[in-house]
file query-v4.tsv (TSV, C-alpha atoms)
chain	number	residue	atom	x	y	z
A	1	MET	CA	-32.23	-23.84	-25.00
A	2	LYS	CA	-30.49	-20.95	-23.29
A	3	SER	CA	-32.32	-17.64	-23.16
A	4	LEU	CA	-31.07	-14.64	-25.12
A	5	LYS	CA	-30.14	-12.96	-21.84
A	6	ALA	CA	-28.14	-16.00	-20.74
A	7	ARG	CA	-26.32	-16.18	-24.10
A	8	LYS	CA	-25.48	-12.48	-23.87
A	9	THR	CA	-24.12	-12.96	-20.34
A	10	ILE	CA	-21.91	-15.84	-21.50
A	11	LEU	CA	-20.71	-13.84	-24.51
A	12	LEU	CA	-19.81	-10.85	-22.33
A	13	SER	CA	-17.94	-13.11	-19.91
A	14	VAL	CA	-15.94	-14.63	-22.78
A	15	VAL	CA	-15.14	-11.18	-24.21
A	16	ALA	CA	-14.02	-9.95	-20.77
A	17	ALA	CA	-11.84	-13.01	-20.27
A	18	LEU	CA	-10.24	-12.58	-23.70
A	19	ALA	CA	-9.62	-8.89	-23.01
A	20	LEU	CA	-7.97	-9.70	-19.69
A	21	THR	CA	-5.80	-12.33	-21.36
A	22	ALA	CA	-4.82	-9.87	-24.08
A	23	CYS	CA	-3.91	-7.22	-21.50
A	24	ALA	CA	-1.88	-9.74	-19.51
A	25	GLY	CA	-0.08	-10.84	-22.67
A	26	LYS	CA	0.70	-7.27	-23.62
A	27	ALA	CA	1.99	-6.65	-20.10
A	28	GLN	CA	4.71	-9.26	-20.68
A	29	GLU	CA	6.05	-7.60	-23.86
A	30	LYS	CA	9.40	-5.88	-23.71
A	31	VAL	CA	8.98	-2.14	-23.21
A	32	ALA	CA	10.62	-0.06	-25.93
A	33	ALA	CA	12.28	3.23	-25.04
A	34	ASP	CA	10.78	6.40	-26.48
A	35	GLN	CA	12.76	8.95	-28.49
A	36	ASN	CA	14.17	10.36	-25.24
A	37	GLY	CA	15.29	6.97	-24.00
A	38	GLN	CA	12.52	6.84	-21.40
A	39	LEU	CA	10.84	3.53	-20.49
A	40	ALA	CA	7.12	3.69	-19.75
A	41	VAL	CA	5.74	2.13	-16.57
A	42	LYS	CA	2.57	2.42	-14.49
A	43	ILE	CA	2.89	2.09	-10.72
A	44	GLY	CA	-0.18	1.29	-8.64
A	45	TYR	CA	-0.72	2.29	-5.01
A	46	THR	CA	-3.70	1.62	-2.79
A	47	ALA	CA	-4.59	4.64	-0.64
A	48	PRO	CA	-4.42	8.46	-0.86
A	49	GLY	CA	-2.22	8.73	2.22
A	50	ALA	CA	1.06	10.44	3.03
A	51	GLY	CA	2.76	7.06	3.29
A	52	TYR	CA	3.14	6.96	-0.48
A	53	ALA	CA	5.00	10.26	-0.57
A	54	ASP	CA	7.98	8.37	-2.00
A	55	LEU	CA	5.94	7.98	-5.19
A	56	TYR	CA	4.56	11.51	-5.03
A	57	VAL	CA	7.97	13.19	-4.86
A	58	ALA	CA	9.47	10.88	-7.47
A	59	ALA	CA	6.71	11.90	-9.88
A	60	ASP	CA	6.65	15.60	-8.96
A	61	HIS	CA	10.36	16.31	-8.71
A	62	GLY	CA	11.84	14.51	-11.70
A	63	ILE	CA	13.27	11.49	-9.91
A	64	PHE	CA	11.57	8.96	-12.17
A	65	SER	CA	12.58	10.94	-15.24
A	66	LYS	CA	16.17	11.22	-14.00
A	67	HIS	CA	16.33	7.43	-13.90
A	68	GLY	CA	14.98	7.07	-17.42
A	69	LEU	CA	11.37	6.30	-16.61
A	70	LYS	CA	8.22	7.74	-18.08
A	71	ALA	CA	6.27	6.80	-14.97
A	72	GLU	CA	2.60	7.21	-14.16
A	73	ILE	CA	1.37	6.58	-10.64
A	74	VAL	CA	-2.10	5.08	-10.51
A	75	ARG	CA	-4.28	4.99	-7.40
A	76	LEU	CA	-6.20	1.75	-7.06
A	77	ASN	CA	-9.42	1.78	-5.05
A	78	ASP	CA	-8.15	-0.58	-2.36
A	79	SER	CA	-5.68	-3.39	-1.63
A	80	SER	CA	-7.93	-6.02	-3.19
A	81	GLN	CA	-7.17	-4.54	-6.63
A	82	LEU	CA	-3.41	-4.82	-6.31
A	83	VAL	CA	-3.00	-8.37	-7.65
A	84	ALA	CA	-5.75	-7.88	-10.23
A	85	GLY	CA	-4.04	-4.73	-11.49
A	86	LEU	CA	-0.77	-6.60	-12.01
A	87	ALA	CA	-2.53	-9.54	-13.65
A	88	SER	CA	-4.42	-7.34	-16.11
A	89	GLY	CA	-1.40	-5.20	-16.95
A	90	SER	CA	-3.18	-2.00	-15.92
A	91	VAL	CA	-0.12	-1.45	-13.69
A	92	GLN	CA	3.28	-3.13	-13.96
A	93	ILE	CA	4.55	-2.40	-10.44
A	94	ALA	CA	2.24	-2.23	-7.43
A	95	VAL	CA	2.70	-1.38	-3.77
A	96	GLY	CA	0.52	-2.25	-0.83
A	97	VAL	CA	-0.10	-4.86	1.85
A	98	ALA	CA	2.20	-7.84	1.24
A	99	GLN	CA	-0.30	-10.32	2.69
A	100	ASP	CA	-2.43	-9.83	-0.42
A	101	THR	CA	0.42	-10.69	-2.77
A	102	ALA	CA	1.69	-13.48	-0.50
A	103	ALA	CA	-1.76	-15.08	-0.59
A	104	ALA	CA	-1.75	-14.85	-4.40
A	105	ILE	CA	1.72	-16.40	-4.59
A	106	MET	CA	0.59	-19.36	-2.46
A	107	LYS	CA	-2.24	-19.88	-4.97
A	108	GLY	CA	0.24	-20.08	-7.83
A	109	THR	CA	0.60	-16.47	-9.01
A	110	ASP	CA	4.15	-15.69	-10.12
A	111	LEU	CA	5.11	-12.50	-8.25
A	112	ARG	CA	8.35	-10.99	-6.93
A	113	TYR	CA	9.03	-8.43	-4.21
A	114	VAL	CA	11.55	-5.91	-5.55
A	115	ALA	CA	11.44	-2.98	-3.11
A	116	MET	CA	10.00	-1.95	0.23
A	117	SER	CA	9.27	1.52	1.57
A	118	GLU	CA	7.38	0.86	4.82
A	119	PRO	CA	8.07	-2.20	7.01
A	120	HIS	CA	5.76	-1.00	9.79
A	121	TYR	CA	2.10	-0.16	10.20
A	122	ASN	CA	1.50	3.49	9.31
A	123	LEU	CA	-1.76	3.70	11.24
A	124	GLU	CA	-3.16	5.68	14.12
A	125	MET	CA	-6.39	5.11	16.02
A	126	TRP	CA	-8.56	8.17	16.59
A	127	ALA	CA	-11.65	7.98	18.77
A	128	SER	CA	-14.53	10.02	20.12
A	129	PRO	CA	-13.74	12.07	23.26
A	130	ASP	CA	-15.40	9.59	25.64
A	131	ILE	CA	-12.90	6.88	24.61
A	132	LYS	CA	-9.70	7.12	26.66
A	133	SER	CA	-7.94	3.91	25.62
A	134	VAL	CA	-8.19	1.00	23.20
A	135	ARG	CA	-9.73	-1.14	25.94
A	136	ASP	CA	-12.62	1.34	26.19
A	137	LEU	CA	-13.69	0.25	22.69
A	138	LYS	CA	-15.03	-3.11	23.87
A	139	GLY	CA	-18.49	-3.60	22.40
A	140	LYS	CA	-18.17	-0.56	20.13
A	141	LYS	CA	-17.75	0.03	16.38
A	142	VAL	CA	-14.45	0.84	14.63
A	143	ALA	CA	-14.38	2.00	11.01
A	144	ILE	CA	-11.79	0.43	8.70
A	145	THR	CA	-11.53	0.51	4.92
A	146	SER	CA	-11.88	-2.90	3.27
A	147	PRO	CA	-11.27	-6.61	3.88
A	148	GLY	CA	-7.58	-7.47	3.48
A	149	SER	CA	-6.53	-3.83	3.86
A	150	GLU	CA	-3.85	-2.61	6.25
A	151	SER	CA	-6.53	-1.30	8.61
A	152	ASP	CA	-8.21	-4.72	8.60
A	153	PHE	CA	-5.01	-6.41	9.75
A	154	GLY	CA	-4.21	-3.48	12.01
A	155	LEU	CA	-7.44	-3.73	13.94
A	156	THR	CA	-6.67	-7.33	14.85
A	157	ALA	CA	-3.10	-6.39	15.80
A	158	ILE	CA	-3.99	-3.44	18.03
A	159	MET	CA	-6.66	-5.48	19.80
A	160	ALA	CA	-4.11	-8.23	20.52
A	161	LYS	CA	-1.54	-5.71	21.73
A	162	ASN	CA	-4.06	-4.51	24.29
A	163	GLY	CA	-5.01	-7.98	25.47
A	164	MET	CA	-8.26	-8.06	23.50
A	165	LYS	CA	-9.78	-10.15	20.72
A	166	ARG	CA	-10.92	-8.86	17.35
A	167	GLU	CA	-14.44	-9.95	18.30
A	168	ASP	CA	-14.42	-7.50	21.22
A	169	VAL	CA	-15.21	-4.73	18.72
A	170	THR	CA	-17.26	-4.52	15.54
A	171	GLY	CA	-15.15	-3.67	12.51
A	172	VAL	CA	-17.19	-1.65	10.01
A	173	PHE	CA	-15.89	-1.68	6.42
A	174	VAL	CA	-16.49	1.73	4.81
A	175	LYS	CA	-14.24	1.39	1.70
A	176	SER	CA	-12.26	4.63	1.92
A	177	ILE	CA	-10.29	6.83	4.30
A	178	PRO	CA	-12.60	9.87	3.81
A	179	ALA	CA	-15.54	7.59	4.68
A	180	GLU	CA	-13.75	6.57	7.89
A	181	VAL	CA	-13.34	10.21	8.88
A	182	SER	CA	-17.00	10.97	8.11
A	183	ALA	CA	-18.14	7.95	10.13
A	184	LEU	CA	-16.27	9.13	13.20
A	185	GLN	CA	-17.34	12.74	12.86
A	186	SER	CA	-20.99	11.72	12.48
A	187	GLY	CA	-20.90	9.44	15.51
A	188	ALA	CA	-21.64	6.31	13.45
A	189	VAL	CA	-18.54	4.67	14.93
A	190	SER	CA	-16.52	5.21	18.09
A	191	ALA	CA	-13.09	5.03	16.46
A	192	ILE	CA	-11.22	4.77	13.17
A	193	LEU	CA	-7.92	3.24	12.18
A	194	THR	CA	-6.19	5.18	9.42
A	195	GLN	CA	-2.94	6.77	8.34
A	196	PRO	CA	-2.02	10.45	8.73
A	197	PRO	CA	-2.91	13.07	7.85
A	198	GLN	CA	-6.57	12.21	7.35
A	199	GLY	CA	-7.12	10.79	10.82
A	200	ALA	CA	-5.70	13.92	12.43
A	201	GLU	CA	-8.47	15.93	10.75
A	202	THR	CA	-10.88	14.57	13.33
A	203	LYS	CA	-9.01	16.35	16.13
A	204	GLU	CA	-10.75	19.56	15.13
A	205	LYS	CA	-14.08	17.86	15.92
A	206	GLY	CA	-12.89	16.76	19.35
A	207	ALA	CA	-11.51	13.31	18.51
A	208	VAL	CA	-8.48	12.03	20.41
A	209	ARG	CA	-5.60	9.82	19.30
A	210	ILE	CA	-5.56	6.71	21.47
A	211	ALA	CA	-2.94	4.59	19.68
A	212	SER	CA	-0.17	4.52	17.10
A	213	LEU	CA	0.91	1.34	15.36
A	214	ALA	CA	4.11	2.80	13.90
A	215	ASP	CA	6.30	0.66	16.16
A	216	MET	CA	4.72	-2.62	15.02
A	217	ASP	CA	6.24	-4.65	12.17
A	218	PHE	CA	3.97	-5.01	9.16
A	219	PRO	CA	4.74	-5.78	5.49
A	220	LEU	CA	3.05	-2.71	4.05
A	221	GLY	CA	5.05	-0.85	1.43
A	222	ALA	CA	5.96	-3.94	-0.57
A	223	TYR	CA	6.57	-3.23	-4.26
A	224	THR	CA	5.62	-6.24	-6.37
A	225	VAL	CA	5.93	-7.22	-10.03
A	226	GLN	CA	4.95	-10.25	-12.07
A	227	GLY	CA	7.80	-12.72	-12.52
A	228	LYS	CA	7.43	-12.73	-16.30
A	229	TYR	CA	7.42	-8.95	-16.43
A	230	LEU	CA	10.61	-8.87	-14.37
A	231	ASP	CA	12.26	-11.38	-16.71
A	232	THR	CA	11.27	-9.40	-19.81
A	233	ASN	CA	11.66	-5.86	-18.46
A	234	ARG	CA	14.34	-6.11	-15.84
A	235	GLU	CA	15.80	-2.77	-16.91
A	236	VAL	CA	12.49	-1.02	-16.18
A	237	VAL	CA	12.31	-2.54	-12.71
A	238	LYS	CA	15.97	-1.80	-12.03
A	239	ARG	CA	15.46	1.86	-12.92
A	240	PHE	CA	12.40	1.96	-10.67
A	241	VAL	CA	14.24	0.45	-7.69
A	242	GLN	CA	17.07	2.94	-8.04
A	243	ALA	CA	14.58	5.82	-8.38
A	244	GLU	CA	12.82	4.57	-5.25
A	245	ALA	CA	16.13	4.57	-3.38
A	246	GLU	CA	16.66	8.21	-4.33
A	247	ALA	CA	13.06	9.13	-3.44
A	248	LEU	CA	13.39	7.71	0.07
A	249	GLN	CA	16.46	9.89	0.58
A	250	TYR	CA	14.74	12.90	-1.00
A	251	LEU	CA	11.90	12.69	1.53
A	252	ARG	CA	14.26	13.24	4.42
A	253	GLY	CA	16.26	16.08	2.89
A	254	ASN	CA	13.47	18.06	1.24
A	255	GLU	CA	10.71	18.62	3.76
A	256	LYS	CA	9.08	21.61	2.05
A	257	GLU	CA	8.78	19.89	-1.33
A	258	THR	CA	7.53	16.68	0.28
A	259	LEU	CA	4.84	18.56	2.21
A	260	THR	CA	3.64	20.15	-1.03
A	261	SER	CA	3.33	16.73	-2.67
A	262	ILE	CA	1.54	15.26	0.35
A	263	GLN	CA	-1.05	18.04	0.21
A	264	LYS	CA	-1.46	17.63	-3.55
A	265	TYR	CA	-2.12	13.88	-3.54
A	266	THR	CA	-4.03	13.50	-0.27
A	267	GLY	CA	-6.32	16.50	-0.78
A	268	ILE	CA	-5.35	17.86	2.62
A	269	ASN	CA	-5.10	21.64	2.28
A	270	LYS	CA	-3.91	22.44	5.80
A	271	PRO	CA	-0.13	22.71	6.09
A	272	ASP	CA	-0.16	21.73	9.78
A	273	LEU	CA	-1.82	18.41	8.99
A	274	ALA	CA	0.66	17.70	6.20
A	275	LYS	CA	3.49	18.48	8.61
A	276	TYR	CA	1.94	16.18	11.22
A	277	ALA	CA	1.88	13.36	8.67
A	278	TYR	CA	5.43	14.03	7.50
A	279	ASP	CA	6.82	13.88	11.04
A	280	PHE	CA	4.92	10.65	11.68
A	281	PHE	CA	6.24	8.94	8.56
A	282	LEU	CA	9.86	9.82	9.21
A	283	ASP	CA	9.73	6.94	11.71
A	284	VAL	CA	8.00	4.63	9.23
A	285	TRP	CA	9.79	5.11	5.89
A	286	GLN	CA	12.85	2.98	5.28
A	287	LYS	CA	16.10	4.70	4.38
A	288	THR	CA	16.68	2.24	1.53
A	289	PRO	CA	14.15	0.16	-0.43
A	290	LYS	CA	15.79	-3.17	0.44
A	291	VAL	CA	13.17	-5.89	0.92
A	292	ASP	CA	13.38	-7.29	4.44
A	293	GLU	CA	13.05	-11.09	4.27
A	294	LYS	CA	11.86	-11.20	7.89
A	295	ILE	CA	8.96	-8.88	7.08
A	296	ILE	CA	7.98	-10.82	3.94
A	297	LYS	CA	8.09	-14.05	5.95
A	298	LEU	CA	5.59	-12.44	8.32
A	299	ALA	CA	3.32	-11.67	5.35
A	300	PHE	CA	3.34	-15.31	4.26
A	301	GLU	CA	2.69	-16.53	7.79
A	302	GLU	CA	-0.34	-14.27	8.19
A	303	ALA	CA	-1.65	-15.12	4.72
A	304	ALA	CA	-1.26	-18.84	5.47
A	305	GLU	CA	-3.05	-18.47	8.80
A	306	ASN	CA	-5.99	-16.82	7.07
A	307	ALA	CA	-6.07	-19.58	4.44
A	308	LYS	CA	-5.72	-22.35	7.05
A	309	THR	CA	-2.59	-23.68	5.37
A	310	SER	CA	1.19	-23.66	5.85
A	311	PRO	CA	3.50	-20.90	4.63
A	312	PRO	CA	6.45	-21.71	2.33
A	313	ALA	CA	9.59	-22.68	4.23
A	314	ASP	CA	11.81	-20.45	2.07
A	315	VAL	CA	10.47	-17.02	1.06
A	316	SER	CA	13.78	-15.72	-0.28
A	317	LYS	CA	12.97	-17.05	-3.77
A	318	TYR	CA	10.15	-14.49	-3.98
A	319	ILE	CA	12.49	-11.58	-3.20
A	320	ASP	CA	14.87	-9.84	-5.61
A	321	ASN	CA	17.16	-7.26	-4.01
A	322	SER	CA	19.76	-7.53	-6.76
A	323	MET	CA	18.71	-4.34	-8.54
A	324	LEU	CA	19.48	-2.17	-5.55
A	325	SER	CA	22.89	-0.56	-5.85
A	326	GLY	CA	25.40	-2.33	-3.63
A	327	GLU	CA	23.46	-5.58	-3.49
A	328	SER	CA	24.78	-8.73	-5.08

call {"tool": "encode", "arguments": {"input": "query-v4.tsv", "output": "structure tokens"}}
result
Amino acid sequence: MKSLKARKTILLSVVAALALTACAGKAQEKVAADQNGQLAVKIGYTAPGAGYADLYVAADHGIFSKHGLKAEIVRLNDSSQLVAGLASGSVQIAVGVAQDTAAAIMKGTDLRYVAMSEPHYNLEMWASPDIKSVRDLKGKKVAITSPGSESDFGLTAIMAKNGMKREDVTGVFVKSIPAEVSALQSGAVSAILTQPPQGAETKEKGAVRIASLADMDFPLGAYTVQGKYLDTNREVVKRFVQAEAEALQYLRGNEKETLTSIQKYTGINKPDLAKYAYDFFLDVWQKTPKVDEKIIKLAFEEAAENAKTSPPADVSKYIDNSMLSGES
């Protein structure tokens, strides 16, 4: 006979499963407009960096509202929560590393890519003063956030670019960008891989930038929705895509307002660091949110390599660019 503790554990598991199912079911319902004609939506993102300034300015400067959305942007703890957030209905649109969603799709999850803001890595590598190049890191520790995160993939990529193997360094998972900065400043690691402006903070403590990955293709800012949600709430997603298109243009034409939003959401209070990040991301942000099939194909290839399987031959069926103005 099962113990009381065991029965309680089973009961809690059943309740949690039923709650998740209920949330997922609710997430597929058609969203009704409020009295102002606004459609509610929650948008998840995975790091407090300047790279998500497209979301920040859309929320702060009325772009979502202009397009008929009552939008809430929700920061998830890390990339591993992106698919779970969509599945539970805690967010309806989510942006992050496309390898995570590609891996889920290959396991049978019904997801669609509907917009893209960043088709490149948005990372820099900052190191202690005694490190002069990436090759000097051999045998040393590098802080990154979490397994499956952009910095996880980025560490492998920057090692390869410099003729090294991932095993030549020790990647230390520290869960958050602030924890990366603390690890470098304390001397616990020799380098960190993170996006501006947080990494640039370490310059004040003597750290040096030894690499930028901004010129390397990477499926990062991939906005994803559940297929059933897209079928039921296509108007919500269409309004989001068109708001995203305007936000990407707004970033380039409204530097002052964008800097204010970057400081607000990243917690960086120094204007020079916000400016540093802004200038960096001007070379990373797309000018339109069109999903690049070549970049998504790369995501599937990398996800398949990690899973020791083959990627789908045709990835176009997982992409929907039709809601972007001018696309067929």

call {"tool": "closest_atom_pairs", "arguments": {"input": "query-v4.tsv", "of": "range 163-243 of chain A", "to": "range 108-131 of chain A", "cutoff": "7 Å", "atoms": "all atoms listed in the file", "output": "tab-separated table"}}
result
residue	atom	partner	partner_atom	distance
A:Ser190	CA	A:Ser128	CA	5.6
A:Ala191	CA	A:Ala127	CA	4.0
A:Ile192	CA	A:Trp126	CA	5.5
A:Leu193	CA	A:Met125	CA	4.5
A:Thr194	CA	A:Leu123	CA	5.0
A:Gln195	CA	A:Leu123	CA	4.4
A:Gly199	CA	A:Trp126	CA	6.5
A:Gly206	CA	A:Pro129	CA	6.2
A:Ala207	CA	A:Ser128	CA	4.7
A:Val208	CA	A:Ala127	CA	5.4
A:Arg209	CA	A:Trp126	CA	4.3
A:Ile210	CA	A:Met125	CA	5.7
A:Ala211	CA	A:Met125	CA	5.1
A:Ser212	CA	A:Glu124	CA	4.4
A:Leu213	CA	A:Leu123	CA	5.4
A:Ala214	CA	A:Tyr121	CA	5.1
A:Asp215	CA	A:His120	CA	6.6
A:Met216	CA	A:His120	CA	5.6
A:Asp217	CA	A:His120	CA	4.4
A:Phe218	CA	A:His120	CA	4.4
A:Pro219	CA	A:Pro119	CA	5.1
A:Leu220	CA	A:Glu118	CA	5.7
A:Gly221	CA	A:Glu118	CA	4.5
A:Ala222	CA	A:Met116	CA	4.6
A:Tyr223	CA	A:Ala115	CA	5.0
A:Thr224	CA	A:Tyr113	CA	4.6
A:Val225	CA	A:Arg112	CA	5.4
A:Gln226	CA	A:Leu111	CA	4.4
A:Gly227	CA	A:Leu111	CA	5.1
A:Val241	CA	A:Ala115	CA	6.4

call {"tool": "write_last_selection", "arguments": {"input": "query-v4.tsv", "atoms": "C-alpha atoms", "output": "compact mmCIF listing (two decimals), in the frame of the given file"}}
result
# COMPACT_ATOMS: atom_id res chain seq x y z
CA SER A 190 -16.52 5.21 18.09
CA ALA A 191 -13.09 5.03 16.46
CA ILE A 192 -11.22 4.77 13.17
CA LEU A 193 -7.92 3.24 12.18
CA THR A 194 -6.19 5.18 9.42
CA GLN A 195 -2.94 6.77 8.34
CA GLY A 199 -7.12 10.79 10.82
CA GLY A 206 -12.89 16.76 19.35
CA ALA A 207 -11.51 13.31 18.51
CA VAL A 208 -8.48 12.03 20.41
CA ARG A 209 -5.60 9.82 19.30
CA ILE A 210 -5.56 6.71 21.47
CA ALA A 211 -2.94 4.59 19.68
CA SER A 212 -0.17 4.52 17.10
CA LEU A 213 0.91 1.34 15.36
CA ALA A 214 4.11 2.80 13.90
CA ASP A 215 6.30 0.66 16.16
CA MET A 216 4.72 -2.62 15.02
CA ASP A 217 6.24 -4.65 12.17
CA PHE A 218 3.97 -5.01 9.16
CA PRO A 219 4.74 -5.78 5.49
CA LEU A 220 3.05 -2.71 4.05
CA GLY A 221 5.05 -0.85 1.43
CA ALA A 222 5.96 -3.94 -0.57
CA TYR A 223 6.57 -3.23 -4.26
CA THR A 224 5.62 -6.24 -6.37
CA VAL A 225 5.93 -7.22 -10.03
CA GLN A 226 4.95 -10.25 -12.07
CA GLY A 227 7.80 -12.72 -12.52
CA VAL A 241 14.24 0.45 -7.69

call {"tool": "atom_distance", "arguments": {"input": "query-v4.tsv", "atom1": "CA of Met106 in chain A", "atom2": "CA of Thr46 in chain A"}}
result
21.4 Å

call {"tool": "residues_around", "arguments": {"input": "query-v4.tsv", "residues": "Thr288 in chain A", "least_positions_apart": "5", "cutoff": "12 Å", "atoms": "all atoms listed in the file", "output": "list in words"}}
result
Asp54, Val114, Ala115, Met116, Ser117, Glu118, Pro119, Val241, Gln242, Ala243, Glu244, Ala245, Glu246, Ala247, Leu248, Gln249, Tyr250, Leu251, Arg252, Asn321, Leu324, Ser325, Gly326 and Glu327 of chain A

call {"tool": "closest_residue", "arguments": {"input": "query-v4.tsv", "among": "A:Thr266, A:Ser261, A:Gln92, A:Ser322", "to": "Val236 in chain A", "atoms": "all atoms listed in the file"}}
result
A:Gln92

call {"tool": "axis_aligned_box", "arguments": {"input": "query-v4.tsv", "around": "range 206-212 of chain A", "padding_each_side": "6 Å", "output": "JSON"}}
result
{"center_x": -6.5, "center_y": 10.6, "center_z": 19.3, "size_x": 24.7, "size_y": 24.2, "size_z": 16.4}

call {"tool": "residues_around", "arguments": {"input": "query-v4.tsv", "residues": "range 276-279 of chain A", "least_positions_apart": "5", "cutoff": "8 Å", "atoms": "all atoms listed in the file", "output": "list in words"}}
result
Ala50, Pro196, Pro197, Glu255, Thr258 and Leu259 of chain A

call {"tool": "write_last_selection", "arguments": {"input": "query-v4.tsv", "atoms": "C-alpha atoms", "output": "short mmCIF file (atom, residue, chain, number, x, y, z; two decimals), in the frame of the given file"}}
result
data_model
loop_
_atom_site.label_atom_id
_atom_site.label_comp_id
_atom_site.auth_asym_id
_atom_site.auth_seq_id
_atom_site.Cartn_x
_atom_site.Cartn_y
_atom_site.Cartn_z
CA ALA A 50 1.06 10.44 3.03
CA PRO A 196 -2.02 10.45 8.73
CA PRO A 197 -2.91 13.07 7.85
CA GLU A 255 10.71 18.62 3.76
CA THR A 258 7.53 16.68 0.28
CA LEU A 259 4.84 18.56 2.21
#

call {"tool": "atom_distance", "arguments": {"input": "query-v4.tsv", "atom1": "CA of Leu184 in chain A", "atom2": "CA of Lys132 in chain A"}}
result
15.1 Å

call {"tool": "atom_distance", "arguments": {"input": "query-v4.tsv", "atom1": "CA of Ala143 in chain A", "atom2": "CA of Ser79 in chain A"}}
result
16.3 Å

call {"tool": "residues_around", "arguments": {"input": "query-v4.tsv", "residues": "Glu257 in chain A", "least_positions_apart": "6", "cutoff": "12 Å", "atoms": "all atoms listed in the file", "output": "PyMOL selection string"}}
result
chain A and resi 53-54+56-61+247+250-251+263-264+271+274-275+278

call {"tool": "residues_around", "arguments": {"input": "query-v4.tsv", "residues": "Val189 in chain A", "least_positions_apart": "3", "cutoff": "10 Å", "atoms": "all atoms listed in the file", "output": "PyMOL selection string"}}
result
chain A and resi 127-128+140-143+170-172+180-186+192

call {"tool": "residues_around", "arguments": {"input": "query-v4.tsv", "residues": "Leu76 in chain A", "least_positions_apart": "2", "cutoff": "7 Å", "atoms": "all atoms listed in the file", "output": "count of residues only"}}
result
6

call {"tool": "closest_residue", "arguments": {"input": "query-v4.tsv", "among": "A:Gly89, A:Gly37, A:Gly154, A:Pro48", "to": "Leu69 in chain A", "atoms": "only C-alpha atoms"}}
result
A:Gly37

call {"tool": "closest_residue", "arguments": {"input": "query-v4.tsv", "among": "A:Gly253, A:Ser176, A:Val97, A:Lys270", "to": "Leu282 in chain A", "atoms": "all atoms listed in the file"}}
result
A:Gly253
